[in-house]
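J.: The structure file data33.txt (compact mmCIF, C-alpha atoms) is provided below.
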```
# COMPACT_ATOMS: atom_id res chain seq x y z
CA MET A 1424 -87.58 96.47 70.23
CA GLN A 1425 -85.09 95.39 72.85
CA ILE A 1426 -83.56 92.85 70.49
CA LYS A 1427 -83.23 95.44 67.75
CA VAL A 1428 -81.31 97.80 70.00
CA VAL A 1429 -78.99 95.04 71.17
CA SER A 1430 -78.35 94.00 67.60
CA ASN A 1431 -77.57 97.62 66.66
CA VAL A 1432 -75.12 97.83 69.55
CA LEU A 1433 -73.39 94.64 68.39
CA LYS A 1434 -73.28 95.81 64.76
CA ALA A 1435 -71.78 99.17 65.80
CA ASN A 1436 -69.22 97.28 67.88
CA GLU A 1437 -68.28 95.02 64.97
CA ASP A 1438 -67.79 98.02 62.70
CA MET A 1439 -65.49 99.67 65.23
CA ALA A 1440 -63.65 96.38 65.82
CA GLU A 1441 -62.90 96.27 62.09
CA VAL A 1442 -61.54 99.83 62.27
CA ASN A 1443 -59.24 98.76 65.12
CA ARG A 1444 -58.19 95.59 63.32
CA LYS A 1445 -57.26 97.37 60.10
CA LEU A 1446 -55.31 100.07 61.90
CA LEU A 1447 -53.39 97.52 63.98
CA GLN A 1448 -52.75 95.20 61.04
CA ALA A 1449 -51.41 98.14 59.00
CA LYS A 1450 -48.89 98.76 61.78
CA GLY A 1451 -47.98 95.07 62.03
CA ILE A 1452 -49.26 94.77 65.62
CA LYS A 1453 -50.72 91.48 66.88
CA VAL A 1454 -53.50 91.83 69.46
CA LEU A 1455 -54.62 89.55 72.30
CA ASN A 1456 -58.00 89.84 74.06
CA ILE A 1457 -57.74 88.05 77.42
CA ILE A 1458 -61.00 86.97 79.07
CA SER A 1459 -61.66 85.19 82.37
CA SER A 1460 -63.60 85.20 85.64
CA PRO A 1461 -62.43 87.65 88.28
CA GLY A 1462 -59.32 86.33 89.96
CA ALA A 1463 -58.32 83.69 87.41
CA GLY A 1464 -54.91 85.32 87.21
CA LYS A 1465 -54.96 87.48 84.07
CA THR A 1466 -52.80 90.25 85.53
CA THR A 1467 -50.23 87.89 87.04
CA ILE A 1468 -49.95 86.11 83.67
CA LEU A 1469 -49.34 89.50 82.05
CA GLU A 1470 -46.70 90.48 84.60
CA ARG A 1471 -44.73 87.26 83.98
CA THR A 1472 -45.17 87.49 80.22
CA ILE A 1473 -43.99 91.10 80.10
CA ASP A 1474 -40.88 90.32 82.15
CA ALA A 1475 -40.05 87.37 79.91
CA LEU A 1476 -40.67 89.01 76.53
CA LYS A 1477 -40.41 92.79 76.74
CA ASN A 1478 -36.76 92.83 75.65
CA GLU A 1479 -37.47 90.83 72.49
CA ILE A 1480 -41.04 91.95 71.66
CA PRO A 1481 -42.00 95.61 72.12
CA LEU A 1482 -45.46 95.51 73.65
CA ALA A 1483 -48.16 97.57 75.36
CA VAL A 1484 -51.17 96.76 77.54
CA ILE A 1485 -54.76 97.96 77.80
CA GLU A 1486 -56.34 97.14 81.19
CA GLY A 1487 -60.12 96.87 81.59
CA ASP A 1488 -61.79 97.13 84.98
CA LEU A 1489 -65.07 98.36 86.40
CA MET A 1490 -63.25 100.65 88.81
CA THR A 1491 -59.73 101.30 90.14
CA SER A 1492 -56.40 101.45 88.34
CA LYS A 1493 -54.90 98.66 90.47
CA ASP A 1494 -54.07 96.46 87.49
CA ALA A 1495 -52.55 99.25 85.39
CA GLU A 1496 -50.38 100.22 88.36
CA ARG A 1497 -49.14 96.63 88.59
CA ILE A 1498 -48.35 96.54 84.86
CA GLU A 1499 -46.65 99.95 84.88
CA GLN A 1500 -44.07 98.67 87.34
CA HIS A 1501 -42.87 96.29 84.63
CA GLY A 1502 -41.84 99.16 82.40
CA VAL A 1503 -44.23 98.93 79.45
CA PRO A 1504 -46.84 101.44 78.21
CA VAL A 1505 -50.28 100.80 79.75
CA VAL A 1506 -53.70 102.46 79.58
CA GLN A 1507 -56.44 101.75 82.12
CA ILE A 1508 -60.06 101.71 80.93
CA ASN A 1509 -62.65 102.00 83.72
CA THR A 1510 -66.05 100.84 82.51
CA ARG A 1511 -67.80 102.43 85.54
CA GLY A 1512 -69.81 99.29 86.18
CA GLY A 1513 -69.94 98.05 82.58
CA CYS A 1514 -69.45 94.30 82.33
CA HIS A 1515 -67.11 94.14 79.31
CA LEU A 1516 -64.83 96.20 77.09
CA ASP A 1517 -66.07 97.24 73.67
CA ALA A 1518 -64.23 98.18 70.48
CA ASN A 1519 -64.91 101.89 70.97
CA MET A 1520 -63.26 101.96 74.41
CA VAL A 1521 -60.28 100.13 72.96
CA ASN A 1522 -60.08 102.54 70.03
CA LYS A 1523 -59.85 105.49 72.43
CA ALA A 1524 -57.25 103.72 74.58
CA MET A 1525 -55.16 102.88 71.48
CA ALA A 1526 -54.81 106.60 70.80
CA GLU A 1527 -52.88 106.90 74.07
CA LEU A 1528 -50.33 104.23 73.14
CA PRO A 1529 -47.11 104.44 71.06
CA LEU A 1530 -48.47 102.20 68.29
CA ASP A 1531 -45.52 102.88 65.99
CA GLU A 1532 -43.16 101.36 68.51
CA ILE A 1533 -44.89 98.08 69.44
CA LYS A 1534 -45.46 94.64 67.89
CA LEU A 1535 -47.88 93.20 70.46
CA LEU A 1536 -50.91 94.75 72.16
CA ILE A 1537 -52.36 92.82 75.08
CA ILE A 1538 -55.89 93.71 76.17
CA GLU A 1539 -57.00 92.46 79.59
CA ASN A 1540 -60.80 92.45 79.61
CA VAL A 1541 -63.10 93.01 82.60
CA GLY A 1542 -63.23 89.93 84.86
CA ASN A 1543 -66.33 88.20 83.50
CA LEU A 1544 -66.64 84.83 81.80
CA VAL A 1545 -69.92 85.71 80.07
CA CYS A 1546 -70.34 89.14 78.48
CA PRO A 1547 -66.88 89.89 76.99
CA SER A 1548 -67.14 86.95 74.58
CA THR A 1549 -69.82 88.76 72.53
CA PHE A 1550 -67.77 91.91 71.90
CA ASP A 1551 -65.01 91.74 69.30
CA LEU A 1552 -62.33 94.32 70.11
CA GLY A 1553 -60.35 93.91 66.88
CA GLU A 1554 -58.08 91.22 68.31
CA ASP A 1555 -56.16 88.53 66.44
CA VAL A 1556 -56.39 86.00 69.25
CA LYS A 1557 -59.08 85.56 71.89
CA ILE A 1558 -57.68 83.93 75.02
CA VAL A 1559 -59.70 82.47 77.89
CA VAL A 1560 -58.01 81.93 81.24
CA LEU A 1561 -59.51 79.29 83.53
CA SER A 1562 -57.96 78.73 86.95
CA VAL A 1563 -57.92 75.33 88.63
CA PRO A 1564 -59.78 76.46 91.79
CA GLU A 1565 -62.78 77.46 89.64
CA GLY A 1566 -63.43 73.80 88.79
CA ASP A 1567 -63.30 71.56 85.73
CA ASP A 1568 -67.03 72.01 85.01
CA LYS A 1569 -66.69 75.59 83.78
CA PRO A 1570 -66.17 75.07 80.00
CA LEU A 1571 -69.56 73.36 79.60
CA LYS A 1572 -71.27 75.85 81.93
CA TYR A 1573 -69.84 78.92 80.12
CA PRO A 1574 -69.62 77.52 76.59
CA THR A 1575 -69.81 80.76 74.60
CA THR A 1576 -66.43 81.99 75.71
CA PHE A 1577 -64.78 78.59 75.36
CA LYS A 1578 -66.25 78.08 71.88
CA LYS A 1579 -65.02 81.46 70.65
CA ALA A 1580 -61.55 81.47 72.20
CA ASP A 1581 -58.47 80.39 70.22
CA VAL A 1582 -56.34 79.66 73.27
CA CYS A 1583 -57.07 78.50 76.82
CA LEU A 1584 -54.57 79.17 79.57
CA LEU A 1585 -55.34 76.72 82.38
CA ASN A 1586 -53.79 78.67 85.24
CA LYS A 1587 -52.94 77.89 88.90
CA ILE A 1588 -52.01 74.28 88.14
CA ASP A 1589 -50.03 74.42 91.41
CA PHE A 1590 -53.46 74.08 93.06
CA LEU A 1591 -54.16 70.74 91.32
CA PHE A 1592 -53.00 68.76 94.34
CA TYR A 1593 -55.29 70.65 96.74
CA SER A 1594 -58.42 70.51 94.61
CA ASN A 1595 -60.78 68.00 93.00
CA PHE A 1596 -60.18 69.41 89.50
CA ASN A 1597 -60.33 66.55 86.98
CA LEU A 1598 -57.88 67.20 84.14
CA ASP A 1599 -59.30 64.41 81.97
CA SER A 1600 -62.82 65.86 82.15
CA PHE A 1601 -61.49 69.32 81.43
CA TYR A 1602 -59.61 68.25 78.28
CA LYS A 1603 -62.54 66.11 77.10
CA ASP A 1604 -64.99 69.02 77.50
CA ILE A 1605 -62.66 71.48 75.79
CA GLU A 1606 -62.34 69.13 72.84
CA SER A 1607 -66.12 68.68 72.61
CA LEU A 1608 -66.65 72.46 72.55
CA ASN A 1609 -63.73 73.59 70.43
CA ASP A 1610 -61.35 71.02 69.00
CA GLU A 1611 -59.08 73.71 67.54
CA MET A 1612 -58.39 75.32 70.91
CA GLN A 1613 -54.77 75.38 72.01
CA VAL A 1614 -54.41 74.74 75.74
CA PHE A 1615 -51.43 75.71 77.89
CA ALA A 1616 -51.39 74.39 81.46
CA ILE A 1617 -49.51 76.93 83.56
CA SER A 1618 -48.97 78.46 86.95
CA ALA A 1619 -48.09 82.10 86.40
CA TRP A 1620 -47.46 82.62 90.12
CA LYS A 1621 -45.09 79.65 90.39
CA GLU A 1622 -43.76 80.17 86.84
CA GLU A 1623 -44.63 76.66 85.70
CA GLY A 1624 -45.31 75.77 82.06
CA MET A 1625 -44.78 79.36 80.89
CA GLU A 1626 -42.11 78.69 78.25
CA GLU A 1627 -44.55 77.05 75.80
CA TRP A 1628 -46.87 80.03 76.16
CA TYR A 1629 -44.00 82.43 75.51
CA ASN A 1630 -43.03 80.42 72.43
CA TYR A 1631 -46.60 80.64 71.19
CA LEU A 1632 -46.40 84.45 71.45
CA ARG A 1633 -42.95 84.56 69.80
CA LYS A 1634 -44.35 82.58 66.87
CA LEU A 1635 -47.50 84.74 66.71
CA VAL A 1636 -45.53 87.97 66.47
CA GLY A 1637 -43.19 86.25 64.01
CA MET B 189 -82.29 105.73 73.19
CA GLN B 190 -80.11 102.94 74.50
CA ILE B 191 -80.25 104.32 78.03
CA LYS B 192 -84.01 104.61 77.89
CA VAL B 193 -84.39 100.97 76.88
CA VAL B 194 -82.07 99.82 79.62
CA SER B 195 -83.96 101.86 82.16
CA ASN B 196 -87.26 100.34 80.95
CA VAL B 197 -85.80 96.88 81.32
CA LEU B 198 -84.70 97.64 84.88
CA LYS B 199 -88.07 99.18 85.77
CA ALA B 200 -89.92 96.14 84.40
CA ASN B 201 -87.59 93.94 86.42
CA GLU B 202 -88.21 95.89 89.62
CA ASP B 203 -91.96 95.62 89.14
CA MET B 204 -91.72 91.86 88.71
CA ALA B 205 -89.34 91.59 91.68
CA GLU B 206 -92.00 93.27 93.82
CA VAL B 207 -94.58 90.74 92.59
CA ASN B 208 -92.24 87.93 93.63
CA ARG B 209 -91.46 89.56 96.97
CA LYS B 210 -95.11 90.05 97.92
CA LEU B 211 -96.05 86.51 96.94
CA LEU B 212 -93.16 85.01 98.89
CA GLN B 213 -93.71 87.23 101.91
CA ALA B 214 -97.39 86.26 101.97
CA LYS B 215 -96.31 82.63 102.21
CA GLY B 216 -93.72 83.38 104.90
CA ILE B 217 -90.80 82.32 102.71
CA LYS B 218 -87.38 83.96 103.08
CA VAL B 219 -85.34 84.27 99.88
CA LEU B 220 -81.58 84.34 99.26
CA ASN B 221 -79.99 85.55 96.01
CA ILE B 222 -76.44 84.17 95.84
CA ILE B 223 -73.99 85.93 93.52
CA SER B 224 -70.33 85.21 92.72
CA SER B 225 -67.74 84.66 90.02
CA PRO B 226 -67.79 81.28 88.30
CA GLY B 227 -66.23 78.67 90.53
CA ALA B 228 -66.33 80.55 93.84
CA GLY B 229 -68.18 77.62 95.36
CA LYS B 230 -71.88 78.57 95.37
CA THR B 231 -73.15 75.08 94.62
CA THR B 232 -70.88 73.39 97.16
CA ILE B 233 -72.04 75.89 99.80
CA LEU B 234 -75.63 75.01 98.91
CA GLU B 235 -74.97 71.28 99.12
CA ARG B 236 -73.50 71.60 102.63
CA THR B 237 -76.21 74.00 103.75
CA ILE B 238 -78.99 71.74 102.51
CA ASP B 239 -77.55 68.70 104.27
CA ALA B 240 -77.21 70.64 107.52
CA LEU B 241 -80.59 72.37 107.53
CA LYS B 242 -83.11 70.49 105.40
CA ASN B 243 -84.53 68.56 108.36
CA GLU B 244 -85.23 71.73 110.36
CA ILE B 245 -85.98 74.23 107.57
CA PRO B 246 -88.05 73.10 104.56
CA LEU B 247 -86.34 74.66 101.57
CA ALA B 248 -86.11 74.71 97.78
CA VAL B 249 -83.53 75.87 95.26
CA ILE B 250 -83.56 77.74 91.94
CA GLU B 251 -80.37 77.20 89.93
CA GLY B 252 -79.27 79.72 87.29
CA ASP B 253 -76.80 78.82 84.57
CA LEU B 254 -76.10 79.76 80.98
CA MET B 255 -76.32 76.14 79.90
CA THR B 256 -76.44 72.63 81.41
CA SER B 257 -78.37 71.29 84.39
CA LYS B 258 -75.20 70.17 86.17
CA ASP B 259 -75.88 72.24 89.29
CA ALA B 260 -79.54 71.24 89.58
CA GLU B 261 -78.50 67.59 89.29
CA ARG B 262 -76.05 68.07 92.16
CA ILE B 263 -78.73 69.73 94.31
CA GLU B 264 -81.37 67.12 93.49
CA GLN B 265 -79.20 64.42 95.02
CA HIS B 266 -79.63 66.15 98.37
CA GLY B 267 -83.37 65.54 98.35
CA VAL B 268 -84.85 69.02 98.02
CA PRO B 269 -87.02 70.53 95.24
CA VAL B 270 -84.94 72.31 92.61
CA VAL B 271 -85.63 74.09 89.32
CA GLN B 272 -82.91 74.83 86.77
CA ILE B 273 -83.10 78.07 84.77
CA ASN B 274 -80.93 78.13 81.64
CA THR B 275 -80.40 81.68 80.46
CA ARG B 276 -79.07 80.47 77.05
CA GLY B 277 -76.13 82.82 77.22
CA GLY B 278 -77.77 85.52 79.36
CA CYS B 279 -75.40 86.88 82.00
CA HIS B 280 -77.78 87.09 84.99
CA LEU B 281 -81.15 85.92 86.28
CA ASP B 282 -84.05 88.35 86.23
CA ALA B 283 -87.25 88.53 88.27
CA ASN B 284 -89.37 87.18 85.43
CA MET B 285 -87.29 84.01 85.09
CA VAL B 286 -87.53 83.51 88.85
CA ASN B 287 -91.30 84.08 88.80
CA LYS B 288 -91.70 81.29 86.23
CA ALA B 289 -89.42 78.97 88.18
CA MET B 290 -91.33 79.65 91.42
CA ALA B 291 -94.46 78.27 89.76
CA GLU B 292 -92.70 74.88 89.57
CA LEU B 293 -91.92 74.75 93.29
CA PRO B 294 -94.08 73.62 96.25
CA LEU B 295 -94.22 77.12 97.79
CA ASP B 296 -96.80 76.10 100.41
CA GLU B 297 -94.36 73.62 101.90
CA ILE B 298 -91.15 75.66 102.21
CA LYS B 299 -89.75 78.39 104.46
CA LEU B 300 -86.55 79.17 102.57
CA LEU B 301 -85.93 79.66 98.84
CA ILE B 302 -82.31 79.78 97.76
CA ILE B 303 -81.56 81.24 94.32
CA GLU B 304 -78.12 80.55 92.88
CA ASN B 305 -77.47 83.19 90.23
CA VAL B 306 -75.38 82.82 87.06
CA GLY B 307 -71.65 82.88 87.83
CA ASN B 308 -70.86 86.55 87.25
CA LEU B 309 -69.64 89.17 89.72
CA VAL B 310 -70.90 92.11 87.63
CA CYS B 311 -74.33 91.91 86.00
CA PRO B 312 -76.48 90.03 88.58
CA SER B 313 -76.07 92.83 91.13
CA THR B 314 -78.31 95.16 89.07
CA PHE B 315 -81.28 92.79 88.90
CA ASP B 316 -83.46 92.44 92.01
CA LEU B 317 -85.14 89.02 92.01
CA GLY B 318 -87.43 89.69 94.97
CA GLU B 319 -84.95 88.39 97.53
CA ASP B 320 -84.71 89.27 101.24
CA VAL B 321 -80.95 88.85 101.39
CA LYS B 322 -78.35 89.36 98.67
CA ILE B 323 -75.26 87.25 99.29
CA VAL B 324 -71.91 87.58 97.56
CA VAL B 325 -69.46 84.68 97.65
CA LEU B 326 -65.77 85.49 97.21
CA SER B 327 -63.26 82.65 97.19
CA VAL B 328 -59.73 83.05 98.50
CA PRO B 329 -58.00 82.03 95.22
CA GLU B 330 -59.69 84.98 93.46
CA GLY B 331 -57.63 87.44 95.49
CA ASP B 332 -58.22 90.08 98.16
CA ASP B 333 -58.41 92.91 95.59
CA LYS B 334 -61.83 91.89 94.24
CA PRO B 335 -64.18 93.95 96.49
CA LEU B 336 -62.69 97.26 95.28
CA LYS B 337 -62.52 96.05 91.68
CA TYR B 338 -66.15 94.83 91.64
CA PRO B 339 -67.68 97.34 94.07
CA THR B 340 -71.31 97.27 92.89
CA THR B 341 -71.96 93.75 94.06
CA PHE B 342 -70.10 94.23 97.34
CA LYS B 343 -71.95 97.49 98.05
CA LYS B 344 -75.36 95.94 97.45
CA ALA B 345 -74.88 92.61 99.22
CA ASP B 346 -76.02 92.06 102.81
CA VAL B 347 -73.74 89.11 103.46
CA CYS B 348 -70.33 88.03 102.17
CA LEU B 349 -69.29 84.40 102.36
CA LEU B 350 -65.50 84.32 102.09
CA ASN B 351 -65.11 80.76 100.82
CA LYS B 352 -62.17 78.36 100.36
CA ILE B 353 -60.33 79.64 103.44
CA ASP B 354 -58.49 76.30 103.37
CA PHE B 355 -56.51 77.89 100.50
CA LEU B 356 -55.29 80.78 102.68
CA PHE B 357 -52.00 79.04 103.41
CA TYR B 358 -51.25 78.44 99.73
CA SER B 359 -52.11 81.92 98.49
CA ASN B 360 -51.10 85.55 98.96
CA PHE B 361 -54.63 86.60 100.01
CA ASN B 362 -54.36 89.35 102.64
CA LEU B 363 -57.21 89.03 105.14
CA ASP B 364 -56.56 92.46 106.70
CA SER B 365 -56.83 94.19 103.32
CA PHE B 366 -59.97 92.25 102.53
CA TYR B 367 -61.74 93.22 105.77
CA LYS B 368 -60.60 96.83 105.46
CA ASP B 369 -61.91 97.11 101.89
CA ILE B 370 -65.21 95.45 102.78
CA GLU B 371 -65.70 97.93 105.61
CA SER B 372 -64.90 100.88 103.33
CA LEU B 373 -67.48 99.71 100.78
CA ASN B 374 -70.25 98.45 103.03
CA ASP B 375 -69.87 98.68 106.79
CA GLU B 376 -73.14 96.83 107.42
CA MET B 377 -72.01 93.71 105.54
CA GLN B 378 -71.89 90.52 107.58
CA VAL B 379 -68.91 88.36 106.65
CA PHE B 380 -68.58 84.63 107.28
CA ALA B 381 -65.18 83.06 106.59
CA ILE B 382 -65.79 79.47 105.53
CA SER B 383 -64.57 76.48 103.60
CA ALA B 384 -67.63 74.68 102.32
CA TRP B 385 -65.52 71.85 100.90
CA LYS B 386 -63.65 71.27 104.18
CA GLU B 387 -66.72 72.19 106.29
CA GLU B 388 -64.93 74.93 108.20
CA GLY B 389 -66.74 77.88 109.76
CA MET B 390 -70.14 76.72 108.51
CA GLU B 391 -71.98 76.68 111.85
CA GLU B 392 -72.14 80.48 112.13
CA TRP B 393 -73.58 80.66 108.63
CA TYR B 394 -76.18 78.02 109.49
CA ASN B 395 -77.09 79.98 112.64
CA TYR B 396 -77.52 83.10 110.53
CA LEU B 397 -80.03 81.22 108.33
CA ARG B 398 -81.81 79.73 111.35
CA LYS B 399 -82.26 83.23 112.76
CA LEU B 400 -83.34 84.63 109.36
CA VAL B 401 -86.08 82.04 108.93
CA GLY B 402 -87.00 82.55 112.60
```
Just give me the structure as structure tokens.

T.:
Amino acid sequence: MQIKVVSNVLKANEDMAEVNRKLLQAKGIKVLNIISSPGAGKTTILERTIDALKNEIPLAVIEGDLMTSKDAERIEQHGVPVVQINTRGGCHLDANMVNKAMAELPLDEIKLLIIENVGNLVCPSTFDLGEDVKIVVLSVPEGDDKPLKYPTTFKKADVCLLNKIDFLFYSNFNLDSFYKDIESLNDEMQVFAISAWKEEGMEEWYNYLRKLVG
Amino acid sequence: MQIKVVSNVLKANEDMAEVNRKLLQAKGIKVLNIISSPGAGKTTILERTIDALKNEIPLAVIEGDLMTSKDAERIEQHGVPVVQINTRGGCHLDANMVNKAMAELPLDEIKLLIIENVGNLVCPSTFDLGEDVKIVVLSVPEGDDKPLKYPTTFKKADVCLLNKIDFLFYSNFNLDSFYKDIESLNDEMQVFAISAWKEEGMEEWYNYLRKLVG
């Protein structure tokens, strides 16, 4: 019985994700779903990306968090439309939450919608939100063993942002192991090694987004 | 209907957690349930703690991970009994998994059972495993804003290990904010500021465990 309910929940989510996807495609909006552990740097990556691209790509942000509007307040300061979703303890965003948040955004004026999921490397990977690109952020201090330990997210993601590479010198993170494991899990994954805080390696990531939006 | 099923799952878990708790109490074993984001340093903390205490406190470890036995292999090298639970994608341990793992351990020979949960700062906090002490690990690179953003775990935990304090100088982590937020969420929480990797601040933590086991 439990499995049946879970499968119904996932089916309902997929149906709503398709609704989102069709609506966004019809408006010519590309959508990113950004997933990571708490503290991997999703919001800082967004802040840098917005500052770099907002004048050439009109964009908006949906922020997911259990509680607080801290992240939305950070994004708002960068002058783009943002909606905060509080899951009230829920461990991931779902397509229905995103659908409601979309209604609060000026969809006729944007070309890129960035969704920052709840900080969780496990549960968000199972819930399609209607995105074009699923992005996993891994930060160097978390360790190079994480792709094999959390394979679902790394298998499903299209892009990996390896963030906080400025910490490489202070840590025992093994880049060779990391790249080898990524390739074994998902040989089509595009990886960008960056430090959002120190603004290192960001230009290739921006170019990826420029090309995506087209 | 969905809520009812979830509530049944939680009730079944609580019942099994009580079974575990009574069995472990009868044997005079204290139990830790360690929760954190992926990569906060749980396994490294365990490795240091085992090396420091295994000759005075007989102990065993249960390792929880989605996939791989990487963590159990690390623990095994330190010469204590360890059982790996693979949740096959599941986002937390539950009391039933722990009950089965306990059956593989020499419970008549130990005084301390350390359970390392799946790396996830959200879902594990809802599932009692039968532990005496719930411990949350937060690492400095994750940022000082995490207690307010993930309040459930920080409200329920008895102890916080603030790990990777050797990164304080390279990060914008604000210790004052962190302590203020912890106090606002949970003023009975004991906090130990440590670096397991650099073996800083560990002695107070070891003394806490010595006193716990008694």

J.: Separation of atom CA of Lys1465 of chain A and atom CA of Phe1550 of chain A, in Å?

T.: 18.2 Å

J.: I'd like to know which of B:Ile250, B:Leu350, B:Ala289, B:Leu336 is closest to chain A, using only C-alpha atoms.

T.: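 Closest candidate: B:Leu336.
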
J.: Please provide the set of residues having any atom within 8 Å of segment 1556-1567 of chain A, restricted to all atoms listed in the file, with same-chain residues fewer than 6 positions apart removed, written as an MDAnalysis selection string.

T.: (chainID A and resid 1454:1460 1463:1465 1576:1577 1579:1588 1590:1591 1594:1598 1600:1601) or (chainID B and resid 226:229 329)

J.: Keeping C-alpha atoms for every residue in the selection just given, could you write it to a file as an mmCIF file, in the coordinates of the input?

T.:
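Listed below is the output, selection_0.cif:
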```cif
data_model
loop_
_atom_site.group_PDB
_atom_site.id
_atom_site.type_symbol
_atom_site.label_atom_id
_atom_site.label_comp_id
_atom_site.auth_asym_id
_atom_site.auth_seq_id
_atom_site.Cartn_x
_atom_site.Cartn_y
_atom_site.Cartn_z
ATOM 1 C CA VAL A 1454 -53.500 91.830 69.460
ATOM 2 C CA LEU A 1455 -54.620 89.550 72.300
ATOM 3 C CA ASN A 1456 -58.000 89.840 74.060
ATOM 4 C CA ILE A 1457 -57.740 88.050 77.420
ATOM 5 C CA ILE A 1458 -61.000 86.970 79.070
ATOM 6 C CA SER A 1459 -61.660 85.190 82.370
ATOM 7 C CA SER A 1460 -63.600 85.200 85.640
ATOM 8 C CA ALA A 1463 -58.320 83.690 87.410
ATOM 9 C CA GLY A 1464 -54.910 85.320 87.210
ATOM 10 C CA LYS A 1465 -54.960 87.480 84.070
ATOM 11 C CA THR A 1576 -66.430 81.990 75.710
ATOM 12 C CA PHE A 1577 -64.780 78.590 75.360
ATOM 13 C CA LYS A 1579 -65.020 81.460 70.650
ATOM 14 C CA ALA A 1580 -61.550 81.470 72.200
ATOM 15 C CA ASP A 1581 -58.470 80.390 70.220
ATOM 16 C CA VAL A 1582 -56.340 79.660 73.270
ATOM 17 C CA CYS A 1583 -57.070 78.500 76.820
ATOM 18 C CA LEU A 1584 -54.570 79.170 79.570
ATOM 19 C CA LEU A 1585 -55.340 76.720 82.380
ATOM 20 C CA ASN A 1586 -53.790 78.670 85.240
ATOM 21 C CA LYS A 1587 -52.940 77.890 88.900
ATOM 22 C CA ILE A 1588 -52.010 74.280 88.140
ATOM 23 C CA PHE A 1590 -53.460 74.080 93.060
ATOM 24 C CA LEU A 1591 -54.160 70.740 91.320
ATOM 25 C CA SER A 1594 -58.420 70.510 94.610
ATOM 26 C CA ASN A 1595 -60.780 68.000 93.000
ATOM 27 C CA PHE A 1596 -60.180 69.410 89.500
ATOM 28 C CA ASN A 1597 -60.330 66.550 86.980
ATOM 29 C CA LEU A 1598 -57.880 67.200 84.140
ATOM 30 C CA SER A 1600 -62.820 65.860 82.150
ATOM 31 C CA PHE A 1601 -61.490 69.320 81.430
ATOM 32 C CA PRO B 226 -67.790 81.280 88.300
ATOM 33 C CA GLY B 227 -66.230 78.670 90.530
ATOM 34 C CA ALA B 228 -66.330 80.550 93.840
ATOM 35 C CA GLY B 229 -68.180 77.620 95.360
ATOM 36 C CA PRO B 329 -58.000 82.030 95.220
#
```

J.: When the cut-off is 9 Å and we count all atoms listed in the file, which residues of chain A are near chain B, given as a PyMOL selection string?

T.: chain A and resi 1424-1425+1428-1429+1432+1460-1464+1488-1493+1512-1514+1542-1546+1562+1564-1566+1568-1569+1571-1575+1590+1593

J.: Grab the residues selected above and save them as a PDB file, in the frame of the given file with C-alpha atoms.

T.:
```
ATOM      1  CA  MET A1424     -87.580  96.470  70.230  1.00  0.00           C
ATOM      2  CA  GLN A1425     -85.090  95.390  72.850  1.00  0.00           C
ATOM      3  CA  VAL A1428     -81.310  97.800  70.000  1.00  0.00           C
ATOM      4  CA  VAL A1429     -78.990  95.040  71.170  1.00  0.00           C
ATOM      5  CA  VAL A1432     -75.120  97.830  69.550  1.00  0.00           C
ATOM      6  CA  SER A1460     -63.600  85.200  85.640  1.00  0.00           C
ATOM      7  CA  PRO A1461     -62.430  87.650  88.280  1.00  0.00           C
ATOM      8  CA  GLY A1462     -59.320  86.330  89.960  1.00  0.00           C
ATOM      9  CA  ALA A1463     -58.320  83.690  87.410  1.00  0.00           C
ATOM     10  CA  GLY A1464     -54.910  85.320  87.210  1.00  0.00           C
ATOM     11  CA  ASP A1488     -61.790  97.130  84.980  1.00  0.00           C
ATOM     12  CA  LEU A1489     -65.070  98.360  86.400  1.00  0.00           C
ATOM     13  CA  MET A1490     -63.250 100.650  88.810  1.00  0.00           C
ATOM     14  CA  THR A1491     -59.730 101.300  90.140  1.00  0.00           C
ATOM     15  CA  SER A1492     -56.400 101.450  88.340  1.00  0.00           C
ATOM     16  CA  LYS A1493     -54.900  98.660  90.470  1.00  0.00           C
ATOM     17  CA  GLY A1512     -69.810  99.290  86.180  1.00  0.00           C
ATOM     18  CA  GLY A1513     -69.940  98.050  82.580  1.00  0.00           C
ATOM     19  CA  CYS A1514     -69.450  94.300  82.330  1.00  0.00           C
ATOM     20  CA  GLY A1542     -63.230  89.930  84.860  1.00  0.00           C
ATOM     21  CA  ASN A1543     -66.330  88.200  83.500  1.00  0.00           C
ATOM     22  CA  LEU A1544     -66.640  84.830  81.800  1.00  0.00           C
ATOM     23  CA  VAL A1545     -69.920  85.710  80.070  1.00  0.00           C
ATOM     24  CA  CYS A1546     -70.340  89.140  78.480  1.00  0.00           C
ATOM     25  CA  SER A1562     -57.960  78.730  86.950  1.00  0.00           C
ATOM     26  CA  PRO A1564     -59.780  76.460  91.790  1.00  0.00           C
ATOM     27  CA  GLU A1565     -62.780  77.460  89.640  1.00  0.00           C
ATOM     28  CA  GLY A1566     -63.430  73.800  88.790  1.00  0.00           C
ATOM     29  CA  ASP A1568     -67.030  72.010  85.010  1.00  0.00           C
ATOM     30  CA  LYS A1569     -66.690  75.590  83.780  1.00  0.00           C
ATOM     31  CA  LEU A1571     -69.560  73.360  79.600  1.00  0.00           C
ATOM     32  CA  LYS A1572     -71.270  75.850  81.930  1.00  0.00           C
ATOM     33  CA  TYR A1573     -69.840  78.920  80.120  1.00  0.00           C
ATOM     34  CA  PRO A1574     -69.620  77.520  76.590  1.00  0.00           C
ATOM     35  CA  THR A1575     -69.810  80.760  74.600  1.00  0.00           C
ATOM     36  CA  PHE A1590     -53.460  74.080  93.060  1.00  0.00           C
ATOM     37  CA  TYR A1593     -55.290  70.650  96.740  1.00  0.00           C
TER      38      TYR A1593
END
```
